[in-house]
file coords.txt (compact mmCIF, C-alpha atoms)
# COMPACT_ATOMS: atom_id res chain seq x y z
CA MET A 135 0.00 0.00 0.00
CA GLU A 136 1.49 3.27 -1.12
CA SER A 137 0.83 6.62 0.53
CA LYS A 138 -2.01 8.71 -0.83
CA ASN A 139 -2.40 12.44 -0.63
CA VAL A 140 -5.99 13.75 -0.52
CA THR A 141 -7.30 17.27 -1.09
CA MET A 142 -10.82 18.68 -1.28
CA VAL A 143 -12.39 21.95 -2.34
CA VAL A 144 -15.24 22.59 0.12
CA HIS A 145 -17.42 25.00 -1.85
CA SER A 146 -20.77 24.03 -0.34
CA GLY A 147 -21.88 25.44 2.99
CA ASP A 148 -24.54 22.79 3.56
CA PHE A 149 -24.42 21.14 6.94
CA ASP A 150 -24.60 17.61 5.56
CA LYS A 151 -22.00 18.18 2.84
CA ILE A 152 -19.50 19.65 5.31
CA MET A 153 -20.16 16.59 7.50
CA SER A 154 -19.33 14.37 4.53
CA ALA A 155 -16.11 16.31 3.90
CA PHE A 156 -14.91 15.77 7.46
CA ILE A 157 -16.11 12.15 7.67
CA VAL A 158 -14.25 11.26 4.47
CA GLY A 159 -11.28 13.39 5.52
CA ASN A 160 -11.04 11.70 8.91
CA GLY A 161 -11.32 8.33 7.20
CA PHE A 162 -8.26 9.06 5.08
CA LEU A 163 -6.34 10.61 7.98
CA SER A 164 -6.98 7.43 10.01
CA MET A 165 -5.32 5.47 7.23
CA GLY A 166 -2.27 7.71 7.46
CA PHE A 167 -2.85 9.84 4.37
CA PRO A 168 -2.30 13.63 4.45
CA VAL A 169 -5.57 15.52 3.88
CA THR A 170 -5.96 19.20 2.98
CA LEU A 171 -9.33 20.96 2.74
CA PHE A 172 -9.64 24.23 0.83
CA PHE A 173 -12.74 26.08 2.10
CA THR A 174 -14.21 28.56 -0.36
CA PHE A 175 -17.52 30.38 -1.08
CA TRP A 176 -20.33 29.06 1.17
CA GLY A 177 -18.00 26.51 2.67
CA LEU A 178 -15.79 29.25 4.02
CA MET A 179 -18.75 31.06 5.55
CA ALA A 180 -19.45 27.97 7.65
CA LEU A 181 -16.02 28.39 9.27
CA ARG A 182 -17.13 31.66 10.89
CA TYR A 183 -17.90 31.55 14.57
CA LYS A 184 -21.29 29.82 14.99
CA GLY A 185 -21.10 28.99 11.26
CA PHE A 186 -21.90 25.30 11.75
CA LYS A 187 -25.05 26.16 13.71
CA LYS A 188 -26.32 28.36 10.89
CA ALA A 189 -25.47 25.95 8.08
CA PRO A 190 -28.62 24.68 6.32
CA LEU A 191 -29.27 21.16 5.09
CA SER A 192 -28.83 20.66 1.33
CA ARG A 193 -32.36 19.30 1.19
CA MET A 194 -35.26 19.44 3.55
CA ASN A 195 -38.33 17.58 2.35
CA MET A 196 -38.05 13.96 1.41
CA PHE A 197 -40.16 10.87 1.32
CA GLY A 198 -42.93 12.29 3.45
CA LEU A 199 -40.65 13.42 6.25
CA GLY A 200 -41.17 17.12 6.80
CA ARG A 201 -38.48 19.74 7.05
CA PHE A 202 -38.75 19.98 10.79
CA MET A 203 -38.58 16.26 11.40
CA ILE A 204 -35.54 15.68 9.22
CA LYS A 205 -33.83 18.66 10.77
CA GLN A 206 -34.52 17.31 14.24
CA ARG A 207 -33.24 13.90 13.36
CA VAL A 208 -30.00 15.13 11.81
CA LYS A 209 -29.45 17.77 14.45
CA LYS A 210 -30.13 15.36 17.27
CA TYR A 211 -27.66 12.91 15.87
CA ASN A 212 -25.03 15.29 14.62
CA VAL A 213 -24.84 18.98 15.48
CA ALA A 214 -22.51 18.39 18.34
CA SER A 215 -20.58 15.95 16.26
CA LEU A 216 -19.95 18.23 13.27
CA ASP A 217 -17.90 20.31 15.63
CA GLU A 218 -16.26 17.18 17.00
CA LEU A 219 -15.59 15.85 13.50
CA ALA A 220 -13.92 19.11 12.51
CA LEU A 221 -11.81 19.29 15.66
CA ASN A 222 -10.81 15.64 15.27
CA PHE A 223 -9.83 16.38 11.69
CA ARG A 224 -7.38 19.01 12.94
CA LYS A 225 -6.13 16.80 15.77
CA LEU A 226 -5.40 14.01 13.30
CA GLY A 227 -3.22 16.42 11.35
CA GLY A 228 -5.64 17.58 8.64
CA GLU A 229 -5.06 21.03 7.16
CA ILE A 230 -7.78 23.63 6.55
CA ILE A 231 -7.05 26.45 4.14
CA ALA A 232 -9.35 29.50 4.07
CA CYS A 233 -9.81 31.01 0.60
CA THR A 234 -8.69 34.65 0.70
CA MET A 235 -10.60 35.56 -2.46
CA THR A 236 -13.88 34.56 -0.79
CA MET A 237 -12.91 36.57 2.29
CA GLU A 238 -12.48 39.66 0.13
CA LEU A 239 -15.67 38.99 -1.84
CA MET A 240 -17.84 38.37 1.20
CA GLY A 241 -16.19 40.91 3.49
CA ILE A 242 -14.97 38.23 5.93
CA LYS A 243 -11.99 39.11 8.13
CA GLU A 244 -9.39 36.74 9.58
CA GLU A 245 -10.80 37.30 13.06
CA ASP A 246 -14.26 36.21 11.87
CA LEU A 247 -12.95 32.69 11.19
CA ARG A 248 -12.39 30.00 13.81
CA THR A 249 -8.74 29.84 14.81
CA ASP A 250 -9.24 26.30 16.13
CA LEU A 251 -10.08 25.13 12.61
CA VAL A 252 -8.29 27.29 10.03
CA SER A 253 -4.60 26.46 9.63
CA GLU A 254 -3.78 28.81 6.76
CA PHE A 255 -5.11 31.69 4.65
CA ALA A 256 -4.31 31.35 0.95
CA THR A 257 -5.52 31.64 -2.64
CA VAL A 258 -6.61 28.83 -4.94
CA GLY A 259 -2.99 28.65 -6.12
CA LYS A 260 -2.14 26.92 -2.85
CA TYR A 261 -4.89 24.35 -3.44
CA CYS A 262 -3.51 23.64 -6.92
CA TYR A 263 0.02 23.43 -5.58
CA VAL A 264 -0.92 20.88 -2.91
CA THR A 265 -3.15 19.01 -5.34
CA LYS A 266 -0.41 18.56 -7.92
CA ASP A 267 1.07 15.96 -5.54
CA ALA A 268 -2.31 14.56 -4.57
CA ASP A 269 -3.68 11.23 -5.71
CA ILE A 270 -7.30 12.07 -5.03
CA SER A 271 -9.13 15.39 -4.98
CA LEU A 272 -12.84 15.92 -4.34
CA PHE A 273 -15.05 18.95 -4.98
CA ILE A 274 -17.77 19.20 -2.37
CA MET B 125 -3.28 2.32 -21.45
CA GLU B 126 -3.05 1.32 -17.82
CA SER B 127 -6.00 0.17 -15.74
CA LYS B 128 -7.86 2.81 -13.74
CA ASN B 129 -9.88 2.33 -10.62
CA VAL B 130 -12.80 4.74 -10.10
CA THR B 131 -14.82 5.45 -6.96
CA MET B 132 -17.55 7.97 -6.19
CA VAL B 133 -19.30 9.24 -3.11
CA VAL B 134 -22.95 9.75 -4.10
CA HIS B 135 -24.13 12.20 -1.44
CA SER B 136 -26.78 13.98 -3.51
CA GLY B 137 -30.24 12.49 -3.95
CA ASP B 138 -31.08 14.65 -6.95
CA PHE B 139 -32.45 12.73 -9.91
CA ASP B 140 -30.13 14.38 -12.42
CA LYS B 141 -27.01 13.98 -10.28
CA ILE B 142 -27.64 10.29 -9.70
CA MET B 143 -28.11 9.97 -13.46
CA SER B 144 -24.72 11.59 -13.95
CA ALA B 145 -23.14 9.19 -11.46
CA PHE B 146 -24.41 6.15 -13.33
CA ILE B 147 -23.71 7.59 -16.80
CA VAL B 148 -20.10 8.34 -15.86
CA GLY B 149 -19.83 5.04 -13.98
CA ASN B 150 -21.11 3.04 -16.95
CA GLY B 151 -18.69 4.93 -19.19
CA PHE B 152 -15.73 3.81 -17.10
CA LEU B 153 -17.05 0.25 -16.73
CA SER B 154 -17.36 0.04 -20.54
CA MET B 155 -13.65 0.88 -20.75
CA GLY B 156 -12.87 -2.00 -18.41
CA PHE B 157 -12.20 0.00 -15.22
CA PRO B 158 -13.60 -1.16 -11.86
CA VAL B 159 -16.12 1.35 -10.45
CA THR B 160 -17.43 1.55 -6.88
CA LEU B 161 -20.18 3.92 -5.77
CA PHE B 162 -20.59 4.76 -2.09
CA PHE B 163 -24.18 5.97 -1.52
CA THR B 164 -24.62 8.18 1.53
CA PHE B 165 -27.06 10.81 2.92
CA TRP B 166 -29.69 11.78 0.31
CA GLY B 167 -28.04 9.53 -2.25
CA LEU B 168 -28.71 6.53 -0.08
CA MET B 169 -32.36 7.49 0.35
CA ALA B 170 -32.79 7.27 -3.41
CA LEU B 171 -31.86 3.58 -3.24
CA ARG B 172 -35.01 2.84 -1.27
CA TYR B 173 -37.82 1.12 -3.13
CA LYS B 174 -39.45 3.75 -5.40
CA GLY B 175 -36.59 6.09 -4.43
CA PHE B 176 -35.78 7.06 -8.02
CA LYS B 177 -39.38 8.08 -8.65
CA LYS B 178 -39.37 10.40 -5.65
CA ALA B 179 -35.96 11.96 -6.36
CA PRO B 180 -36.27 15.68 -7.20
CA LEU B 181 -34.33 17.58 -9.85
CA SER B 182 -31.44 19.67 -8.52
CA ARG B 183 -32.96 22.69 -10.20
CA MET B 184 -36.36 23.41 -11.61
CA ASN B 185 -36.70 26.83 -13.20
CA MET B 186 -34.30 27.87 -15.91
CA PHE B 187 -34.21 30.07 -18.91
CA GLY B 188 -37.94 30.62 -19.08
CA LEU B 189 -38.80 26.95 -18.99
CA GLY B 190 -41.12 26.33 -16.05
CA ARG B 191 -40.74 23.64 -13.44
CA PHE B 192 -43.42 21.48 -14.98
CA MET B 193 -42.06 21.64 -18.48
CA ILE B 194 -38.48 20.78 -17.52
CA LYS B 195 -39.70 17.98 -15.34
CA GLN B 196 -41.79 16.59 -18.18
CA ARG B 197 -38.90 16.76 -20.58
CA VAL B 198 -36.43 15.05 -18.28
CA LYS B 199 -38.94 12.50 -17.06
CA LYS B 200 -40.12 11.70 -20.56
CA TYR B 201 -36.57 11.13 -21.70
CA ASN B 202 -35.17 9.46 -18.60
CA VAL B 203 -37.27 8.13 -15.73
CA ALA B 204 -37.35 4.66 -17.15
CA SER B 205 -33.72 4.94 -18.04
CA LEU B 206 -32.41 5.92 -14.60
CA ASP B 207 -33.53 2.50 -13.51
CA GLU B 208 -31.99 0.97 -16.61
CA LEU B 209 -28.74 2.88 -16.10
CA ALA B 210 -28.50 1.64 -12.52
CA LEU B 211 -29.26 -1.96 -13.44
CA ASN B 212 -26.76 -1.83 -16.31
CA PHE B 213 -24.19 -0.47 -13.89
CA ARG B 214 -24.60 -3.59 -11.75
CA LYS B 215 -24.64 -5.90 -14.78
CA LEU B 216 -21.37 -4.40 -16.01
CA GLY B 217 -19.82 -5.28 -12.64
CA GLY B 218 -20.12 -1.96 -10.80
CA GLU B 219 -20.34 -2.10 -7.01
CA ILE B 220 -22.82 -0.12 -4.89
CA ILE B 221 -22.06 0.31 -1.20
CA ALA B 222 -24.82 1.55 1.14
CA CYS B 223 -23.55 3.80 3.96
CA THR B 224 -24.51 2.22 7.28
CA MET B 225 -24.10 5.49 9.20
CA THR B 226 -26.78 7.11 7.04
CA MET B 227 -29.03 4.10 7.58
CA GLU B 228 -28.74 4.56 11.32
CA LEU B 229 -29.19 8.33 11.13
CA MET B 230 -32.24 8.19 8.87
CA GLY B 231 -33.76 5.05 10.33
CA ILE B 232 -33.39 3.09 7.08
CA LYS B 233 -33.31 -0.70 7.34
CA GLU B 234 -31.55 -3.16 5.03
CA GLU B 235 -34.92 -4.38 3.75
CA ASP B 236 -35.85 -0.80 2.75
CA LEU B 237 -33.04 -0.74 0.17
CA ARG B 238 -33.17 -2.31 -3.29
CA THR B 239 -31.43 -5.67 -3.29
CA ASP B 240 -31.05 -5.49 -7.08
CA LEU B 241 -28.80 -2.44 -6.65
CA VAL B 242 -26.97 -2.58 -3.31
CA SER B 243 -24.03 -4.98 -3.28
CA GLU B 244 -22.69 -4.22 0.21
CA PHE B 245 -23.46 -2.44 3.48
CA ALA B 246 -20.44 -0.66 4.98
CA THR B 247 -19.04 2.46 6.65
CA VAL B 248 -17.03 5.23 5.03
CA GLY B 249 -13.91 3.26 5.97
CA LYS B 250 -14.70 0.89 3.13
CA TYR B 251 -14.92 3.81 0.69
CA CYS B 252 -11.51 5.07 1.87
CA TYR B 253 -10.07 1.58 1.65
CA VAL B 254 -11.22 1.09 -1.95
CA THR B 255 -10.26 4.64 -2.87
CA LYS B 256 -6.68 4.24 -1.66
CA ASP B 257 -6.12 2.12 -4.77
CA ALA B 258 -8.24 4.33 -6.99
CA ASP B 259 -6.92 6.70 -9.61
CA ILE B 260 -10.01 8.87 -9.77
CA SER B 261 -12.66 9.63 -7.17
CA LEU B 262 -15.65 11.93 -7.57
CA PHE B 263 -17.97 13.46 -4.98
CA ILE B 264 -21.47 13.84 -6.37
CA MET C 212 7.30 17.85 -10.27
CA GLU C 213 5.59 15.61 -12.77
CA SER C 214 2.92 16.75 -15.19
CA LYS C 215 -0.71 16.42 -14.09
CA ASN C 216 -3.76 16.09 -16.24
CA VAL C 217 -6.98 17.54 -14.82
CA THR C 218 -10.58 16.98 -15.91
CA MET C 219 -13.91 18.10 -14.47
CA VAL C 220 -17.55 17.28 -15.03
CA VAL C 221 -19.44 20.57 -14.71
CA HIS C 222 -22.96 19.37 -13.95
CA SER C 223 -24.10 22.34 -11.88
CA GLY C 224 -25.33 25.51 -13.53
CA ASP C 225 -24.91 27.65 -10.43
CA PHE C 226 -23.05 30.88 -11.02
CA ASP C 227 -20.71 30.39 -8.06
CA LYS C 228 -19.92 26.75 -8.87
CA ILE C 229 -19.07 27.54 -12.49
CA MET C 230 -16.82 30.31 -11.14
CA SER C 231 -15.08 27.74 -8.96
CA ALA C 232 -14.62 25.42 -11.94
CA PHE C 233 -12.88 28.11 -13.97
CA ILE C 234 -10.87 29.48 -11.04
CA VAL C 235 -9.52 26.02 -10.22
CA GLY C 236 -9.09 25.23 -13.92
CA ASN C 237 -7.12 28.42 -14.55
CA GLY C 238 -5.00 27.66 -11.50
CA PHE C 239 -3.96 24.31 -12.94
CA LEU C 240 -3.46 25.73 -16.45
CA SER C 241 -1.15 28.37 -14.96
CA MET C 242 0.96 25.55 -13.55
CA GLY C 243 1.23 24.00 -16.99
CA PHE C 244 -1.26 21.14 -16.57
CA PRO C 245 -3.77 20.31 -19.33
CA VAL C 246 -7.37 20.89 -18.16
CA THR C 247 -10.55 19.60 -19.81
CA LEU C 248 -14.06 20.56 -18.65
CA PHE C 249 -17.04 18.43 -19.63
CA PHE C 250 -20.19 20.58 -19.38
CA THR C 251 -23.40 18.62 -18.89
CA PHE C 252 -26.98 19.11 -17.60
CA TRP C 253 -27.40 22.57 -15.99
CA GLY C 254 -23.74 23.33 -16.54
CA LEU C 255 -24.22 23.02 -20.28
CA MET C 256 -27.23 25.35 -20.21
CA ALA C 257 -24.99 28.07 -18.79
CA LEU C 258 -22.88 27.91 -21.95
CA ARG C 259 -25.80 29.20 -23.99
CA TYR C 260 -25.62 32.81 -25.13
CA LYS C 261 -26.38 34.99 -22.07
CA GLY C 262 -26.22 31.79 -19.98
CA PHE C 263 -23.85 33.25 -17.39
CA LYS C 264 -26.17 36.19 -16.78
CA LYS C 265 -29.09 33.89 -16.09
CA ALA C 266 -27.17 31.47 -13.85
CA PRO C 267 -28.47 31.56 -10.26
CA LEU C 268 -26.40 31.39 -7.08
CA SER C 269 -26.36 27.99 -5.38
CA ARG C 270 -27.58 29.65 -2.21
CA MET C 271 -29.17 32.98 -1.51
CA ASN C 272 -29.88 33.61 2.14
CA MET C 273 -27.09 33.30 4.64
CA PHE C 274 -26.09 34.71 7.95
CA GLY C 275 -28.60 37.52 7.91
CA LEU C 276 -27.59 38.80 4.51
CA GLY C 277 -30.64 38.84 2.27
CA ARG C 278 -30.87 37.41 -1.20
CA PHE C 279 -30.63 40.79 -2.87
CA MET C 280 -27.61 41.93 -0.91
CA ILE C 281 -25.57 38.79 -1.51
CA LYS C 282 -26.49 38.85 -5.17
CA GLN C 283 -25.36 42.45 -5.44
CA ARG C 284 -22.10 41.72 -3.73
CA VAL C 285 -21.24 38.72 -5.87
CA LYS C 286 -22.46 40.31 -9.06
CA LYS C 287 -20.62 43.54 -8.39
CA TYR C 288 -17.40 41.66 -7.79
CA ASN C 289 -17.75 38.97 -10.40
CA VAL C 290 -20.32 38.99 -13.18
CA ALA C 291 -17.95 40.56 -15.66
CA SER C 292 -15.21 38.32 -14.42
CA LEU C 293 -17.00 35.00 -14.89
CA ASP C 294 -16.91 35.80 -18.58
CA GLU C 295 -13.29 36.83 -18.27
CA LEU C 296 -12.41 33.70 -16.29
CA ALA C 297 -13.99 31.51 -18.96
CA LEU C 298 -12.28 33.31 -21.84
CA ASN C 299 -8.94 33.19 -20.03
CA PHE C 300 -9.46 29.49 -19.50
CA ARG C 301 -9.71 29.02 -23.27
CA LYS C 302 -6.77 31.35 -23.96
CA LEU C 303 -4.60 29.37 -21.56
CA GLY C 304 -5.37 26.26 -23.58
CA GLY C 305 -8.21 24.74 -21.55
CA GLU C 306 -10.69 22.56 -23.41
CA ILE C 307 -14.48 22.75 -23.01
CA ILE C 308 -16.56 19.79 -24.17
CA ALA C 309 -20.34 20.19 -24.57
CA CYS C 310 -22.33 17.06 -23.66
CA THR C 311 -24.36 16.01 -26.70
CA MET C 312 -26.76 13.90 -24.63
CA THR C 313 -27.80 16.99 -22.66
CA MET C 314 -28.24 18.91 -25.92
CA GLU C 315 -30.64 16.26 -27.15
CA LEU C 316 -32.46 16.06 -23.82
CA MET C 317 -32.90 19.80 -23.41
CA GLY C 318 -33.40 20.63 -27.07
CA ILE C 319 -30.22 22.72 -27.27
CA LYS C 320 -28.65 23.17 -30.71
CA GLU C 321 -24.99 23.73 -31.55
CA GLU C 322 -25.75 27.30 -32.57
CA ASP C 323 -27.29 27.98 -29.14
CA LEU C 324 -23.90 27.46 -27.48
CA ARG C 325 -21.08 29.99 -27.32
CA THR C 326 -18.49 29.29 -30.00
CA ASP C 327 -15.91 31.33 -28.08
CA LEU C 328 -16.12 28.80 -25.22
CA VAL C 329 -17.04 25.36 -26.55
CA SER C 330 -14.14 23.54 -28.20
CA GLU C 331 -15.86 20.22 -28.90
CA PHE C 332 -19.23 18.42 -28.91
CA ALA C 333 -19.06 14.88 -27.54
CA THR C 334 -20.61 12.22 -25.33
CA VAL C 335 -19.54 11.19 -21.84
CA GLY C 336 -17.31 8.59 -23.51
CA LYS C 337 -14.94 11.40 -24.44
CA TYR C 338 -14.81 12.56 -20.82
CA CYS C 339 -13.95 9.01 -19.69
CA TYR C 340 -11.36 8.69 -22.42
CA VAL C 341 -9.59 11.91 -21.42
CA THR C 342 -9.96 11.11 -17.73
CA LYS C 343 -8.31 7.69 -18.06
CA ASP C 344 -5.04 9.61 -18.44
CA ALA C 345 -5.93 12.22 -15.83
CA ASP C 346 -4.45 12.42 -12.36
CA ILE C 347 -7.24 14.47 -10.90
CA SER C 348 -10.93 14.70 -11.81
CA LEU C 349 -13.57 16.80 -10.07
CA PHE C 350 -17.38 16.66 -10.25
CA ILE C 351 -18.87 20.12 -9.87

call {"tool": "encode", "arguments": {"input": "coords.txt", "output": "structure tokens"}}
result
Amino acid sequence: MESKNVTMVVHSGDFDKIMSAFIVGNGFLSMGFPVTLFFTFWGLMALRYKGFKKAPLSRMNMFGLGRFMIKQRVKKYNVASLDELALNFRKLGGEIIACTMTMELMGIKEEDLRTDLVSEFATVGKYCYVTKDADISLFI
Amino acid sequence: MESKNVTMVVHSGDFDKIMSAFIVGNGFLSMGFPVTLFFTFWGLMALRYKGFKKAPLSRMNMFGLGRFMIKQRVKKYNVASLDELALNFRKLGGEIIACTMTMELMGIKEEDLRTDLVSEFATVGKYCYVTKDADISLFI
Amino acid sequence: MESKNVTMVVHSGDFDKIMSAFIVGNGFLSMGFPVTLFFTFWGLMALRYKGFKKAPLSRMNMFGLGRFMIKQRVKKYNVASLDELALNFRKLGGEIIACTMTMELMGIKEEDLRTDLVSEFATVGKYCYVTKDADISLFI
């Protein structure tokens, strides 16, 4: 088994998609692969303080379950754990890059973003640079 | 031409995105590459019996075409064929893994999921394990 | 540093996601890597004349900012530049393939699509063929 290098662009700010990013990221970190997440657009906005709590689900009404009920179910099971997932990701050595272009576009300042999560501020060039040595890259 | 190994996380439950997953998957299978799809979150819910019929489009109103008209056009052209695409995917040797975490979260049981499509029940660890030997992985 | 080959399926027609596709694509082109984008479904519809202007944002209401305000902010910063980004992508040697299946499905003709952007009309088979030699592929 050779070493794999994984990167992801986290463009979406949806609660469930960010969960997926960290779940997959933690999976790869547990196998010993370096993982770097580049948070941009709505994804970056979720890294603001209280950002996870405000993040919507990517879909609300399905199969007869109403918006409220699904929200309850997911929230009950996971709100606490999205935070945990993200903090575990950092503890396991995962890197989180905040997209500076989005910060400029959306008027987000460095101090608006969680210092316990963001490990670096950089442009997309950094994502491309890391990804050139990556084996797998996902766009979420 | 070397052999390629392709995996996908199918997180979205949108009709058109699941179509894309199977169309791309069947394309790679036709070229002789192993393909594994990991269905999670809304994607997994579409694997329930009648799930394809209930799957919404990712977007409804565009360029003056109303919701109804687009739906008619896509449905007319493809509803039958999403099923066909998925069954062909399995016939061509593609693997479909159902995410057990989503099953727990959403209260989905094994018997709720189509046995003609799902080939395995597993956690994200299995996706990571298969993907470590993959050349290409997509997040849909 | 070895050469990397990058491909993307651009399924989404959201303004911000198409921006991301071109920003990432231009980043890789600037590093000397070949980049091929396969536009399909809603993504392809955005390649119609005036398609960029009609493309919606993937999300409108966030963090207290209303739909109008976010739209203004993004538009002010970027509408002109999405066009620029796309044209730069082509100038830097990036390839744009228009999905012929989507054209058939949606009733789009060759003359409906921008000749300054589209470099080829082809099926998903072409995407798979190019991607078999790719190191990185994203689904947007």

call {"tool": "residues_around", "arguments": {"input": "coords.txt", "residues": "Phe167 (chain A)", "least_positions_apart": "3", "cutoff": "12 Å", "atoms": "all atoms listed in the file", "output": "list in words"}}
result
Met135, Glu136, Ser137, Lys138, Asn139, Val140, Thr141, Val158, Gly159, Asn160, Gly161, Phe162, Leu163, Ser164, Thr170, Leu226, Gly227, Gly228, Glu229, Ala268, Asp269 and Ile270 of chain A; Cys252, Tyr253, Thr255 and Lys256 of chain B

call {"tool": "closest_residue", "arguments": {"input": "coords.txt", "among": "A:Leu178, A:Phe273, A:Met240, A:Lys188", "to": "chain B", "atoms": "all atoms listed in the file"}}
result
A:Phe273

call {"tool": "residues_around", "arguments": {"input": "coords.txt", "residues": "Thr174 (chain A)", "least_positions_apart": "4", "cutoff": "10 Å", "atoms": "only C-alpha atoms", "output": "JSON, numbers by chain"}}
result
{"A": [143, 144, 145, 146, 147, 178, 179, 180, 181, 231, 232, 233, 234, 235, 236, 237, 257, 258], "C": [231]}

call {"tool": "atom_distance", "arguments": {"input": "coords.txt", "atom1": "CA of Gly243 (chain C)", "atom2": "CA of Glu295 (chain C)"}}
result
19.4 Å

call {"tool": "closest_residue", "arguments": {"input": "coords.txt", "among": "B:Asp207, B:Asp138, B:Asp257, B:Glu244", "to": "Tyr173 (chain B)", "atoms": "only C-alpha atoms"}}
result
B:Asp207

call {"tool": "closest_residue", "arguments": {"input": "coords.txt", "among": "C:Met242, C:Met219, C:Ala333, C:Leu248", "to": "chain B", "atoms": "all atoms listed in the file"}}
result
C:Met219

call {"tool": "closest_residue", "arguments": {"input": "coords.txt", "among": "C:Arg325, C:Arg270, C:Asn299, C:Phe252", "to": "chain B", "atoms": "all atoms listed in the file"}}
result
C:Phe252

call {"tool": "axis_aligned_box", "arguments": {"input": "coords.txt", "around": "region 158-172 of chain B", "padding_each_side": "6 Å", "output": "AutoDock Vina command-line options"}}
result
--center_x -24.3 --center_y 5.3 --center_z -4.5 --size_x 33.4 --size_y 24.9 --size_z 26.8

call {"tool": "closest_residue", "arguments": {"input": "coords.txt", "among": "B:Ile232, B:Val159, B:Leu206, B:Val242", "to": "chain A", "atoms": "all atoms listed in the file"}}
result
B:Ile232

call {"tool": "closest_residue", "arguments": {"input": "coords.txt", "among": "A:Ser215, A:Lys184, A:Phe173, A:Pro190", "to": "Tyr261 (chain A)", "atoms": "only C-alpha atoms"}}
result
A:Phe173

call {"tool": "atom_distance", "arguments": {"input": "coords.txt", "atom1": "CA of Arg259 (chain C)", "atom2": "CA of Lys228 (chain C)"}}
result
16.4 Å

call {"tool": "atom_distance", "arguments": {"input": "coords.txt", "atom1": "CA of Leu241 (chain B)", "atom2": "CA of Leu209 (chain B)"}}
result
10.8 Å

call {"tool": "residues_around", "arguments": {"input": "coords.txt", "residues": "Ala179 (chain B)", "least_positions_apart": "2", "cutoff": "6 Å", "atoms": "only C-alpha atoms", "output": "ChimeraX atom specification"}}
result
/B:138-139,176-177
